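Here the structure is laid out as structure tokens; the discussion comes afterwards.
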Amino acid sequence: MREDDTFLSSVARLEEYQGWTHTSTHTFEGTFTVSGDTVTFVWPSDGRGWTGILRGRELSVEAYDHVWLLRK
């Protein structure tokens, strides 16, 4: 998360199957807004996004059946 209300997110994925290994990395950039303890992340390319809850120095975001916890 940057001071200009933009963010950069990277996800690396490793898949292994029957001796075959594949690694892929995806990077996403977008904007975010904060309202109280709610942080909303938006991808300008399609308007979709995620919502997170900010508690002190922790931010939790639920997306794609996962919970992401970021601590500062």
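For the structure tokens, the naming scheme is as follows: chains receive sequential letters (A, B, ...) according to their order of presentation, residues are indexed from 1 within each chain, and ligands are indexed from 1 in presentation order.
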
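Neighbours of segment 7-11 of chain A closer than or equal to 8 Å, with only C-alpha atoms counted and sequence neighbours fewer than 6 positions away skipped, come out as Met1, Thr25, His26, Thr27, Phe28, Glu29, Gly30, Thr31 and Phe32 of chain A.
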
Writer output for current selection, C-alpha atoms, as a PDB file, in the first residue's frame:
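Listed below is the output, out35.pdb:
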```pdb
ATOM      1  CA  MET A   1       0.000   0.000   0.000  1.00  0.00           C
ATOM      2  CA  THR A  25       3.646 -15.122 -10.598  1.00  0.00           C
ATOM      3  CA  HIS A  26       0.840 -12.625 -10.985  1.00  0.00           C
ATOM      4  CA  THR A  27       1.103  -8.939 -10.116  1.00  0.00           C
ATOM      5  CA  PHE A  28      -1.888  -6.660  -9.607  1.00  0.00           C
ATOM      6  CA  GLU A  29      -2.016  -2.875  -9.212  1.00  0.00           C
ATOM      7  CA  GLY A  30      -4.973  -0.763  -8.212  1.00  0.00           C
ATOM      8  CA  THR A  31      -6.342   1.826  -5.832  1.00  0.00           C
ATOM      9  CA  PHE A  32      -7.730   1.637  -2.308  1.00  0.00           C
TER      10      PHE A  32
END
```

Nearby residues (only C-alpha atoms) at most 12 Å from Arg71 of chain A, same-chain spacing under 6 positions excluded, as a short mmCIF file (atom, residue, chain, number, x, y, z; two decimals) with C-alpha atoms, in the first residue's frame:
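Here's the written file selection.cif:
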```cif
data_model
loop_
_atom_site.label_atom_id
_atom_site.label_comp_id
_atom_site.auth_asym_id
_atom_site.auth_seq_id
_atom_site.Cartn_x
_atom_site.Cartn_y
_atom_site.Cartn_z
CA LEU A 54 -8.15 -2.93 9.54
CA ARG A 55 -7.52 -3.60 13.24
CA GLY A 56 -4.60 -1.66 14.65
CA ARG A 57 -1.57 -2.74 12.63
CA GLU A 58 -3.29 -5.78 11.04
CA LEU A 59 -5.29 -5.92 7.83
CA SER A 60 -7.31 -9.03 6.98
CA VAL A 61 -8.74 -9.55 3.50
#
```

- Item | Computed interatomic separation between atom CA of Tyr64 of chain A and atom CA of Arg48 of chain A (Å) |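 Those two atoms sit 12.8 Å apart.
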
- In Å, with one decimal, what is the gap from atom CA of Leu70 of chain A to atom CA of Val34 of chain A?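 So the two atoms, atom CA of Leu70 of chain A and atom CA of Val34 of chain A, lie 15.5 Å apart.
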
- Per DSSP on the backbone, what are the strand (DSSP E or B) residues of chain A, as number ranges by chain? A: 6-17, 20-35, 38-42, 49-55, 58-63, 66-71

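Using only C-alpha atoms for every distance, the candidate list A:Thr33, A:Thr40, A:Thr51, A:Ser45 yields A:Thr33 as the residue closest to Glu3 of chain A.
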